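Below is the file my_file_2.csv, which contains CSV, C-alpha atoms.
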```csv
chain,number,residue,atom,x,y,z
L,1,MET,CA,0.0,0.0,0.0
L,2,MET,CA,1.2,3.5,-0.7
L,3,SER,CA,0.1,6.6,1.0
L,4,SER,CA,-1.2,9.5,-1.0
L,5,ALA,CA,0.8,12.3,0.7
L,6,PRO,CA,1.0,15.2,-1.7
L,7,ASP,CA,4.4,16.2,-2.9
L,8,PRO,CA,5.1,19.9,-3.3
L,9,LYS,CA,7.1,19.3,-6.4
L,10,SER,CA,4.4,17.2,-8.0
L,11,SER,CA,1.7,18.7,-10.2
L,12,GLY,CA,-0.4,15.6,-9.7
L,13,ASN,CA,-1.7,16.2,-13.2
L,14,SER,CA,-1.1,13.2,-15.4
L,15,ALA,CA,-2.0,15.2,-18.6
L,16,ASP,CA,0.9,17.6,-17.7
L,17,THR,CA,3.2,14.7,-17.1
L,18,THR,CA,2.4,13.0,-20.4
L,19,GLN,CA,2.9,16.2,-22.2
L,20,SER,CA,6.2,16.8,-20.4
L,21,TRP,CA,7.5,13.3,-21.1
L,22,ALA,CA,6.5,13.6,-24.7
L,23,GLY,CA,8.2,17.0,-25.1
L,24,MET,CA,11.4,15.7,-23.6
L,25,VAL,CA,11.4,12.5,-25.7
L,26,GLN,CA,10.9,14.6,-28.8
L,27,ARG,CA,13.9,16.7,-27.9
L,28,ILE,CA,16.1,13.7,-27.3
L,29,GLN,CA,15.0,12.2,-30.6
L,30,ALA,CA,15.8,15.5,-32.3
L,31,ASN,CA,19.3,15.5,-30.7
L,32,ASP,CA,18.5,18.7,-28.7
L,33,PRO,CA,20.9,18.7,-25.8
L,34,SER,CA,18.3,20.2,-23.5
L,35,GLY,CA,16.3,16.9,-23.8
L,36,MET,CA,19.3,14.9,-22.5
L,37,GLU,CA,20.0,17.5,-19.8
L,38,GLU,CA,16.4,17.2,-18.6
L,39,LEU,CA,16.5,13.4,-18.7
L,40,TYR,CA,19.7,13.4,-16.8
L,41,GLY,CA,18.4,15.9,-14.2
L,42,ILE,CA,15.3,13.9,-13.5
L,43,PHE,CA,16.7,10.4,-13.5
L,44,THR,CA,20.3,10.5,-12.5
L,45,THR,CA,19.9,10.2,-8.7
L,46,GLY,CA,17.2,7.5,-9.0
L,47,ILE,CA,19.3,5.4,-11.4
L,48,ARG,CA,22.4,5.8,-9.2
L,49,PHE,CA,20.3,4.7,-6.2
L,50,TYR,CA,19.0,1.7,-8.0
L,51,LEU,CA,22.3,0.6,-9.4
L,52,CYS,CA,24.1,1.1,-6.1
L,53,ARG,CA,21.4,-0.8,-4.2
L,54,GLN,CA,21.6,-3.7,-6.7
L,55,LEU,CA,25.3,-3.9,-7.5
L,56,GLY,CA,27.1,-1.9,-4.8
L,57,PRO,CA,29.2,1.3,-5.1
L,58,GLN,CA,31.9,-0.1,-7.4
L,59,ASP,CA,32.3,1.8,-10.7
L,60,LEU,CA,29.0,3.5,-10.1
L,61,ASP,CA,29.7,6.6,-12.3
L,62,ASP,CA,30.6,4.3,-15.3
L,63,LYS,CA,27.4,2.3,-14.8
L,64,VAL,CA,25.2,5.4,-14.6
L,65,HIS,CA,26.9,6.7,-17.7
L,66,ASP,CA,26.3,3.4,-19.5
L,67,ALA,CA,22.6,3.5,-18.5
L,68,PHE,CA,22.1,7.0,-19.9
L,69,LEU,CA,23.8,6.1,-23.1
L,70,THR,CA,21.6,3.0,-23.5
L,71,ILE,CA,18.4,5.0,-22.7
L,72,ALA,CA,19.3,7.9,-25.0
L,73,GLN,CA,20.3,5.6,-27.9
L,74,SER,CA,17.1,3.5,-27.6
L,75,ILE,CA,14.9,6.6,-27.4
L,76,ARG,CA,16.6,8.0,-30.6
L,77,ARG,CA,16.1,4.7,-32.4
L,78,GLY,CA,12.4,5.0,-31.6
L,79,ASP,CA,12.1,2.1,-29.3
L,80,LEU,CA,10.0,4.1,-26.9
L,81,ARG,CA,6.7,4.3,-28.7
L,82,GLU,CA,4.6,5.8,-25.9
L,83,PRO,CA,6.5,8.7,-24.2
L,84,GLU,CA,4.1,8.6,-21.3
L,85,ARG,CA,5.6,5.3,-20.4
L,86,LEU,CA,9.1,6.8,-20.1
L,87,MET,CA,9.5,6.1,-16.4
L,88,GLY,CA,8.7,2.4,-16.8
L,89,TYR,CA,10.9,2.3,-19.9
L,90,VAL,CA,13.9,3.7,-18.0
L,91,ARG,CA,13.3,1.2,-15.2
L,92,THR,CA,13.2,-1.7,-17.7
L,93,VAL,CA,16.5,-0.5,-19.3
L,94,VAL,CA,18.3,-0.2,-15.9
L,95,ARG,CA,16.9,-3.5,-14.7
L,96,ARG,CA,18.2,-5.2,-17.9
L,97,GLN,CA,21.6,-3.5,-17.3
L,98,VAL,CA,21.7,-4.9,-13.8
L,99,ALA,CA,20.8,-8.4,-15.0
L,100,GLY,CA,23.6,-8.0,-17.6
L,101,TYR,CA,26.2,-7.1,-15.0
L,102,ILE,CA,25.1,-10.0,-12.8
L,103,GLY,CA,25.2,-12.4,-15.7
L,104,THR,CA,28.7,-11.2,-16.6
L,105,ALA,CA,29.9,-11.6,-13.0
L,106,VAL,CA,28.5,-15.1,-12.8
L,107,GLU,CA,30.1,-16.1,-16.1
L,108,ALA,CA,33.4,-14.6,-15.0
L,109,ARG,CA,33.3,-16.5,-11.7
L,110,ARG,CA,32.6,-19.7,-13.6
L,111,ASN,CA,35.6,-19.2,-15.8
L,112,PHE,CA,37.8,-17.8,-13.0
L,113,VAL,CA,40.1,-20.9,-12.9
L,114,ASP,CA,40.9,-20.8,-16.6
L,115,ALA,CA,41.0,-17.0,-17.1
L,116,ASP,CA,44.3,-15.1,-16.9
L,117,HIS,CA,42.4,-12.0,-15.8
L,118,THR,CA,38.8,-11.2,-14.9
L,119,PRO,CA,38.1,-7.5,-14.9
L,120,ILE,CA,34.7,-7.8,-13.3
L,121,LEU,CA,36.1,-9.5,-10.3
L,122,ARG,CA,38.2,-6.6,-9.2
L,123,ASP,CA,39.3,-6.1,-5.6
L,124,ARG,CA,36.1,-5.6,-3.6
L,125,LYS,CA,37.5,-4.1,-0.4
L,126,PRO,CA,34.8,-3.2,2.0
L,127,ASP,CA,34.1,0.5,2.4
L,128,PRO,CA,35.4,1.3,5.9
L,129,GLU,CA,32.8,4.1,6.5
L,130,ARG,CA,30.0,1.9,5.3
L,131,THR,CA,31.2,-1.0,7.4
L,132,ALA,CA,31.4,1.2,10.5
L,133,ILE,CA,27.8,2.5,10.0
L,134,GLU,CA,26.5,-1.0,9.5
L,135,GLU,CA,28.3,-2.2,12.7
L,136,GLN,CA,26.8,0.7,14.6
L,137,ASN,CA,23.4,-0.1,13.3
L,138,THR,CA,23.7,-3.7,14.3
L,139,ALA,CA,24.8,-2.7,17.8
L,140,LEU,CA,21.7,-0.5,18.1
L,141,ALA,CA,19.5,-3.3,16.9
L,142,MET,CA,21.2,-5.6,19.5
L,143,ARG,CA,20.4,-3.1,22.2
L,144,VAL,CA,16.8,-2.9,21.0
L,145,LEU,CA,16.4,-6.7,20.9
L,146,ASN,CA,18.1,-7.3,24.3
L,147,THR,CA,15.9,-4.8,26.1
L,148,LEU,CA,12.7,-6.4,24.8
L,149,PRO,CA,10.6,-9.0,26.6
L,150,ARG,CA,11.6,-12.5,25.4
L,151,ARG,CA,8.3,-13.0,23.6
L,152,ASP,CA,8.6,-9.8,21.6
L,153,ARG,CA,12.2,-10.6,20.7
L,154,GLU,CA,11.1,-14.0,19.4
L,155,VAL,CA,8.5,-12.3,17.2
L,156,LEU,CA,11.2,-10.1,15.6
L,157,VAL,CA,13.8,-12.9,15.3
L,158,ARG,CA,11.2,-15.0,13.5
L,159,PHE,CA,10.2,-12.2,11.2
L,160,TYR,CA,13.5,-10.7,10.3
L,161,LEU,CA,15.9,-13.7,10.5
L,162,GLN,CA,13.7,-16.7,9.8
L,163,GLU,CA,11.5,-14.7,7.4
L,164,GLN,CA,8.3,-16.3,8.7
L,165,SER,CA,5.2,-14.6,7.5
L,166,PRO,CA,3.2,-12.4,9.9
L,167,GLY,CA,0.3,-14.9,9.6
L,168,GLN,CA,2.5,-17.8,10.6
L,169,ILE,CA,4.0,-15.9,13.5
L,170,CYS,CA,0.6,-14.8,14.7
L,171,ARG,CA,-0.7,-18.4,14.5
L,172,ASP,CA,2.3,-19.9,16.2
L,173,MET,CA,2.6,-17.3,19.0
L,174,ARG,CA,-1.1,-16.7,19.4
L,175,LEU,CA,-0.9,-13.0,18.6
L,176,THR,CA,-3.4,-10.7,16.9
L,177,ALA,CA,-2.3,-8.8,13.8
L,178,THR,CA,-2.4,-5.6,15.9
L,179,GLN,CA,-0.1,-7.1,18.6
L,180,PHE,CA,2.3,-8.2,15.9
L,181,ARG,CA,2.3,-4.7,14.2
L,182,LEU,CA,2.7,-3.0,17.6
L,183,THR,CA,5.7,-5.2,18.5
L,184,LYS,CA,7.4,-4.4,15.2
L,185,SER,CA,6.6,-0.7,15.3
L,186,ARG,CA,7.8,-0.3,18.9
L,187,ALA,CA,11.1,-1.9,18.1
L,188,LYS,CA,11.5,0.3,15.1
L,189,ALA,CA,10.6,3.4,17.0
L,190,ARG,CA,13.2,2.5,19.7
L,191,PHE,CA,15.8,1.9,17.0
L,192,THR,CA,15.2,5.3,15.5
L,193,GLU,CA,15.2,6.9,18.9
L,194,LEU,CA,18.6,5.3,19.8
L,195,GLY,CA,19.9,6.3,16.4
L,196,GLN,CA,18.9,9.9,16.8
L,197,ALA,CA,20.4,10.0,20.3
L,198,ARG,CA,23.7,8.7,18.9
L,199,PHE,CA,23.6,11.2,16.1
L,200,ALA,CA,22.9,14.0,18.6
L,201,ARG,CA,25.7,12.9,20.8
L,202,ARG,CA,28.1,12.9,17.9
L,203,ILE,CA,27.0,16.4,16.8
L,204,GLY,CA,27.3,17.6,20.5
L,205,PHE,CA,30.8,16.0,20.7
L,206,THR,CA,31.8,17.7,17.4
L,207,ALA,CA,30.4,21.0,18.5
L,208,SER,CA,32.2,20.9,21.9
L,209,MET,CA,35.5,19.9,20.2
L,210,GLU,CA,35.0,22.8,17.8
L,211,ALA,CA,34.3,25.2,20.7
L,212,ARG,CA,37.3,23.9,22.6
L,213,ARG,CA,39.5,24.3,19.5
L,214,ARG,CA,38.2,27.8,18.9
L,215,GLY,CA,38.6,28.7,22.6
L,216,SER,CA,42.1,27.4,22.8
L,217,ALA,CA,43.2,29.0,19.5
L,218,PRO,CA,43.8,32.5,20.9
L,219,ALA,CA,45.6,31.1,23.9
L,220,GLN,CA,48.0,29.2,21.7
L,221,ALA,CA,48.5,32.2,19.6
L,222,SER,CA,49.4,34.4,22.6
G,223,MET,CA,8.8,20.6,-15.8
G,224,ALA,CA,5.6,19.2,-14.4
G,225,ILE,CA,6.0,15.6,-13.3
G,226,SER,CA,3.5,13.6,-11.3
G,227,LEU,CA,5.3,11.5,-8.7
G,228,GLY,CA,2.3,9.5,-7.8
G,229,PRO,CA,1.6,8.3,-4.3
G,230,HIS,CA,4.5,8.0,-1.8
G,231,LEU,CA,5.5,4.8,-0.1
G,232,ASP,CA,4.3,4.2,3.4
G,233,ALA,CA,6.7,2.7,6.0
G,234,GLU,CA,5.1,-0.8,5.7
G,235,THR,CA,5.5,-0.9,1.9
G,236,ALA,CA,9.1,0.4,2.2
G,237,GLU,CA,9.9,-2.5,4.6
G,238,LYS,CA,8.2,-5.1,2.4
G,239,TYR,CA,10.3,-3.8,-0.5
G,240,SER,CA,13.5,-4.1,1.6
G,241,LEU,CA,12.5,-7.6,2.6
G,242,GLU,CA,11.6,-8.5,-1.0
G,243,GLN,CA,8.1,-9.5,0.0
G,244,LEU,CA,6.3,-7.7,-2.7
G,245,SER,CA,4.9,-9.1,-5.9
G,246,ALA,CA,7.0,-8.4,-9.1
G,247,ARG,CA,4.3,-6.1,-10.3
G,248,LYS,CA,4.2,-4.0,-7.1
G,249,ALA,CA,8.0,-4.0,-6.9
G,250,ALA,CA,8.2,-2.7,-10.5
G,251,GLU,CA,5.7,0.0,-9.7
G,252,ILE,CA,7.8,1.1,-6.7
G,253,GLU,CA,11.1,1.0,-8.6
G,254,GLY,CA,9.6,3.3,-11.2
G,255,HIS,CA,8.5,5.7,-8.5
G,256,LEU,CA,11.9,5.6,-6.7
G,257,LEU,CA,13.6,6.7,-10.0
G,258,ILE,CA,12.1,10.1,-9.5
G,259,CYS,CA,11.2,10.5,-5.8
G,260,GLY,CA,13.9,11.5,-3.4
G,261,PRO,CA,11.9,11.3,-0.1
G,262,CYS,CA,10.9,7.7,-0.9
G,263,ARG,CA,14.5,6.8,-1.8
G,264,GLU,CA,15.5,8.0,1.6
G,265,ALA,CA,12.7,6.0,3.2
G,266,VAL,CA,13.8,2.8,1.4
G,267,ALA,CA,17.5,3.5,2.3
G,268,ALA,CA,16.5,3.8,6.0
G,269,SER,CA,14.4,0.7,5.7
G,270,ASP,CA,17.2,-1.3,4.1
G,271,ALA,CA,19.6,-0.3,6.9
G,272,TYR,CA,17.0,-1.2,9.6
G,273,VAL,CA,16.2,-4.6,8.1
G,274,ALA,CA,19.9,-5.4,7.6
G,275,ALA,CA,20.7,-4.4,11.2
G,276,MET,CA,17.8,-6.4,12.6
G,277,ARG,CA,18.8,-9.5,10.6
G,278,GLU,CA,22.3,-9.3,11.8
G,279,ALA,CA,21.4,-8.7,15.4
G,280,ALA,CA,18.7,-11.4,15.4
G,281,ALA,CA,21.3,-13.9,14.0
G,282,ASN,CA,23.7,-12.9,16.8
G,283,ILE,CA,21.0,-13.4,19.4
G,284,ARG,CA,20.0,-16.8,18.0
G,285,LYS,CA,23.6,-17.9,18.1
G,286,THR,CA,24.0,-16.7,21.7
G,287,GLU,CA,20.8,-18.5,22.7
G,288,GLN,CA,21.9,-21.7,21.1
G,289,ASN,CA,25.3,-21.6,22.8
G,290,ALA,CA,23.6,-21.0,26.1
G,291,MET,CA,21.6,-24.2,25.7
G,292,PRO,CA,24.1,-27.1,25.5
G,293,HIS,CA,21.4,-29.8,25.5
G,294,ARG,CA,20.1,-28.4,22.2
G,295,ARG,CA,23.6,-28.4,20.7
G,296,VAL,CA,24.0,-32.1,21.7
G,297,ALA,CA,20.6,-32.9,20.3
G,298,THR,CA,21.3,-31.4,16.9
G,299,ARG,CA,24.6,-33.2,16.5
```
Any chance you could give the structure as structure tokens?
Amino acid sequence: MMSSAPDPKSSGNSADTTQSWAGMVQRIQANDPSGMEELYGIFTTGIRFYLCRQLGPQDLDDKVHDAFLTIAQSIRRGDLREPERLMGYVRTVVRRQVAGYIGTAVEARRNFVDADHTPILRDRKPDPERTAIEEQNTALAMRVLNTLPRRDREVLVRFYLQEQSPGQICRDMRLTATQFRLTKSRAKARFTELGQARFARRIGFTASMEARRRGSAPAQAS
Amino acid sequence: MAISLGPHLDAETAEKYSLEQLSARKAAEIEGHLLICGPCREAVAASDAYVAAMREAAANIRKTEQNAMPHRRVATR
């Protein structure tokens, strides 16, 4: 289910949208650079997000560039017959691109023993910042789970780790759907609260360090 | 340029998307929306992080519980 919260940037008028997509598509087909600029402006962050989520941050700029190249070429060839379907079309192109990368990686791994070099399997060192954030998040989640009553913890372990359906959990543990939802939402609220507190502490610490640095600077100068 | 973003994701849908519990059709609809909606991308990123953290923490807790029950370990051997 999706909420219908209005977006300030959205016109909400599908006729406007259709016209806008059509205008942009026409400009891309006519090799008008403003068409590509607009396409890039609208989709670049979303494509980057999708590719990063599916494939990780390696070579992201190149992958985004490849995606735009493919989209622009196929629009110019006339593959997009209904401009109002541009959003779905972009998604399909990017999805195929992801499938292509995964296929190539699988193939490269299969041939790894025989190959002299496999460019797709480059050094995948974990990003230290990302790893640190993930560890902190896990520590917060551990705190949340450890402070919950045993029964609530069991509900969350079954749901997130064992991937049991809400229906099964409710049946097995004799819970109502509301009790299940409440257990989940309370845990999430606690996680968010702890995360915000951690963030505030970090900001406070940075601010106090900054104040101390500023305060001590004149003394050092004199 | 006037673009209709369509309806935003609610928290439950974002979590289902993170957990890959949506139908292919629904996931496709959401992915289209995420291409052009920044606030929903943020919601999904937060949901991804939460789900990953809960999975990891739940796995740690299960391991600790199993280690604390030696009779179970013997039984599963």
(message) I'd like the neighbourhood of segment 242-256 of chain G as a PyMOL selection string, where a residue qualifies if any of its atoms comes within 12 Å (using all atoms listed in the file), though same-chain residues fewer than 4 positions away should be ignored.
(response) (chain L and resi 1-2+42-51+53-54+85-95+159-160+163-166) or (chain G and resi 225-232+234-238+260-267+269-270+273)
(request) Please measure the separation of atom CA of Ala22 of chain L and atom CA of Asp79 of chain L, giving the value in Å to one decimal. (result)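 Atom-to-atom, atom CA of Ala22 of chain L to atom CA of Asp79 of chain L, that is 13.6 Å.
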(request) Between atom CA of Glu278 of chain G and atom CA of Gln136 of chain L, measure the distance and give it in Å to one decimal. (result)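 According to the coordinates, atom CA of Glu278 of chain G and atom CA of Gln136 of chain L are separated by 11.3 Å.
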(request) Identify which of the residues G:Ala268, G:Leu257, G:Met291, G:Ile283 lies closest to chain L, counting only C-alpha atoms when measuring atom-to-atom distances. (result)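 Comparing G:Ala268, G:Leu257, G:Met291, G:Ile283 against chain L, the winner is G:Leu257.
Residues lying within 9 Å of Met24 of chain L, counting only C-alpha atoms and ignoring same-chain neighbours fewer than 6 positions away, are Ser34, Gly35, Met36, Glu38, Leu39 and Pro83 of chain L.
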(request) Give me, please, the distance in Å between atom CA of Ala200 of chain L and atom CA of Leu182 of chain L, quoted to one decimal. (result)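 Calculated distance between atom CA of Ala200 of chain L and atom CA of Leu182 of chain L is 26.4 Å.
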Any chance you could model all heavy atoms for segment 19-30 of chain L and send them as a PDB file, in the coordinates of the input?
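Output saved as selection-v3.pdb:
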```pdb
ATOM      1  N   GLN L  19       2.428  15.210 -21.313  1.00  0.00           N
ATOM      2  CA  GLN L  19       2.900  16.200 -22.200  1.00  0.00           C
ATOM      3  C   GLN L  19       4.408  16.482 -22.037  1.00  0.00           C
ATOM      4  O   GLN L  19       5.173  16.611 -22.980  1.00  0.00           O
ATOM      5  CB  GLN L  19       2.171  17.544 -21.966  1.00  0.00           C
ATOM      6  CG  GLN L  19       1.128  17.838 -23.008  1.00  0.00           C
ATOM      7  CD  GLN L  19       0.456  19.173 -22.732  1.00  0.00           C
ATOM      8  OE1 GLN L  19       0.707  19.830 -21.723  1.00  0.00           O
ATOM      9  NE2 GLN L  19      -0.396  19.566 -23.643  1.00  0.00           N
ATOM     10  N   SER L  20       4.815  16.543 -20.738  1.00  0.00           N
ATOM     11  CA  SER L  20       6.200  16.800 -20.400  1.00  0.00           C
ATOM     12  C   SER L  20       7.133  15.725 -20.903  1.00  0.00           C
ATOM     13  O   SER L  20       8.173  15.975 -21.479  1.00  0.00           O
ATOM     14  CB  SER L  20       6.385  17.023 -18.928  1.00  0.00           C
ATOM     15  OG  SER L  20       5.491  17.995 -18.477  1.00  0.00           O
ATOM     16  N   TRP L  21       6.728  14.475 -20.607  1.00  0.00           N
ATOM     17  CA  TRP L  21       7.500  13.300 -21.100  1.00  0.00           C
ATOM     18  C   TRP L  21       7.640  13.380 -22.604  1.00  0.00           C
ATOM     19  O   TRP L  21       8.721  13.209 -23.149  1.00  0.00           O
ATOM     20  CB  TRP L  21       6.909  11.996 -20.684  1.00  0.00           C
ATOM     21  CG  TRP L  21       6.935  11.569 -19.239  1.00  0.00           C
ATOM     22  CD1 TRP L  21       5.935  10.919 -18.595  1.00  0.00           C
ATOM     23  CD2 TRP L  21       7.995  11.680 -18.273  1.00  0.00           C
ATOM     24  NE1 TRP L  21       6.293  10.641 -17.300  1.00  0.00           N
ATOM     25  CE2 TRP L  21       7.550  11.084 -17.072  1.00  0.00           C
ATOM     26  CE3 TRP L  21       9.265  12.227 -18.295  1.00  0.00           C
ATOM     27  CZ2 TRP L  21       8.318  11.031 -15.912  1.00  0.00           C
ATOM     28  CZ3 TRP L  21      10.046  12.177 -17.152  1.00  0.00           C
ATOM     29  CH2 TRP L  21       9.570  11.590 -15.990  1.00  0.00           C
ATOM     30  N   ALA L  22       6.512  13.618 -23.253  1.00  0.00           N
ATOM     31  CA  ALA L  22       6.500  13.600 -24.700  1.00  0.00           C
ATOM     32  C   ALA L  22       7.425  14.680 -25.275  1.00  0.00           C
ATOM     33  O   ALA L  22       8.201  14.429 -26.202  1.00  0.00           O
ATOM     34  CB  ALA L  22       5.074  13.817 -25.226  1.00  0.00           C
ATOM     35  N   GLY L  23       7.377  15.866 -24.659  1.00  0.00           N
ATOM     36  CA  GLY L  23       8.200  17.000 -25.100  1.00  0.00           C
ATOM     37  C   GLY L  23       9.707  16.613 -24.949  1.00  0.00           C
ATOM     38  O   GLY L  23      10.523  16.869 -25.853  1.00  0.00           O
ATOM     39  N   MET L  24      10.017  16.029 -23.831  1.00  0.00           N
ATOM     40  CA  MET L  24      11.400  15.700 -23.600  1.00  0.00           C
ATOM     41  C   MET L  24      11.878  14.578 -24.548  1.00  0.00           C
ATOM     42  O   MET L  24      12.979  14.659 -25.099  1.00  0.00           O
ATOM     43  CB  MET L  24      11.553  15.186 -22.130  1.00  0.00           C
ATOM     44  CG  MET L  24      12.979  14.951 -21.711  1.00  0.00           C
ATOM     45  SD  MET L  24      13.106  14.696 -19.946  1.00  0.00           S
ATOM     46  CE  MET L  24      12.325  13.142 -19.771  1.00  0.00           C
ATOM     47  N   VAL L  25      11.031  13.589 -24.755  1.00  0.00           N
ATOM     48  CA  VAL L  25      11.400  12.500 -25.700  1.00  0.00           C
ATOM     49  C   VAL L  25      11.603  13.041 -27.083  1.00  0.00           C
ATOM     50  O   VAL L  25      12.573  12.666 -27.759  1.00  0.00           O
ATOM     51  CB  VAL L  25      10.272  11.401 -25.642  1.00  0.00           C
ATOM     52  CG1 VAL L  25      10.446  10.408 -26.782  1.00  0.00           C
ATOM     53  CG2 VAL L  25      10.298  10.664 -24.311  1.00  0.00           C
ATOM     54  N   GLN L  26      10.730  13.959 -27.497  1.00  0.00           N
ATOM     55  CA  GLN L  26      10.900  14.600 -28.800  1.00  0.00           C
ATOM     56  C   GLN L  26      12.220  15.281 -28.960  1.00  0.00           C
ATOM     57  O   GLN L  26      12.912  15.178 -29.970  1.00  0.00           O
ATOM     58  CB  GLN L  26       9.752  15.558 -29.085  1.00  0.00           C
ATOM     59  CG  GLN L  26       8.514  14.917 -29.673  1.00  0.00           C
ATOM     60  CD  GLN L  26       7.343  15.882 -29.715  1.00  0.00           C
ATOM     61  OE1 GLN L  26       7.491  17.083 -29.465  1.00  0.00           O
ATOM     62  NE2 GLN L  26       6.176  15.357 -30.011  1.00  0.00           N
ATOM     63  N   ARG L  27      12.586  16.008 -27.899  1.00  0.00           N
ATOM     64  CA  ARG L  27      13.900  16.700 -27.900  1.00  0.00           C
ATOM     65  C   ARG L  27      15.059  15.798 -27.981  1.00  0.00           C
ATOM     66  O   ARG L  27      16.043  16.056 -28.649  1.00  0.00           O
ATOM     67  CB  ARG L  27      13.944  17.721 -26.763  1.00  0.00           C
ATOM     68  CG  ARG L  27      13.209  19.035 -27.086  1.00  0.00           C
ATOM     69  CD  ARG L  27      13.264  20.018 -25.967  1.00  0.00           C
ATOM     70  NE  ARG L  27      12.375  19.597 -24.886  1.00  0.00           N
ATOM     71  CZ  ARG L  27      12.684  19.614 -23.592  1.00  0.00           C
ATOM     72  NH1 ARG L  27      13.861  20.044 -23.205  1.00  0.00           N
ATOM     73  NH2 ARG L  27      11.829  19.217 -22.690  1.00  0.00           N
ATOM     74  N   ILE L  28      14.958  14.688 -27.254  1.00  0.00           N
ATOM     75  CA  ILE L  28      16.100  13.700 -27.300  1.00  0.00           C
ATOM     76  C   ILE L  28      16.167  13.113 -28.691  1.00  0.00           C
ATOM     77  O   ILE L  28      17.265  12.984 -29.236  1.00  0.00           O
ATOM     78  CB  ILE L  28      15.840  12.592 -26.228  1.00  0.00           C
ATOM     79  CG1 ILE L  28      15.928  13.177 -24.821  1.00  0.00           C
ATOM     80  CG2 ILE L  28      16.878  11.473 -26.382  1.00  0.00           C
ATOM     81  CD1 ILE L  28      15.453  12.251 -23.713  1.00  0.00           C
ATOM     82  N   GLN L  29      15.013  12.805 -29.276  1.00  0.00           N
ATOM     83  CA  GLN L  29      15.000  12.200 -30.600  1.00  0.00           C
ATOM     84  C   GLN L  29      15.558  13.194 -31.657  1.00  0.00           C
ATOM     85  O   GLN L  29      16.164  12.800 -32.650  1.00  0.00           O
ATOM     86  CB  GLN L  29      13.599  11.775 -31.009  1.00  0.00           C
ATOM     87  CG  GLN L  29      13.219  10.473 -30.310  1.00  0.00           C
ATOM     88  CD  GLN L  29      11.753  10.104 -30.481  1.00  0.00           C
ATOM     89  OE1 GLN L  29      10.916  10.969 -30.726  1.00  0.00           O
ATOM     90  NE2 GLN L  29      11.460   8.828 -30.322  1.00  0.00           N
ATOM     91  N   ALA L  30      15.353  14.497 -31.395  1.00  0.00           N
ATOM     92  CA  ALA L  30      15.800  15.500 -32.300  1.00  0.00           C
ATOM     93  C   ALA L  30      17.289  15.945 -32.003  1.00  0.00           C
ATOM     94  O   ALA L  30      17.775  16.949 -32.535  1.00  0.00           O
ATOM     95  CB  ALA L  30      14.925  16.743 -32.259  1.00  0.00           C
TER      96      ALA L  30
END
```
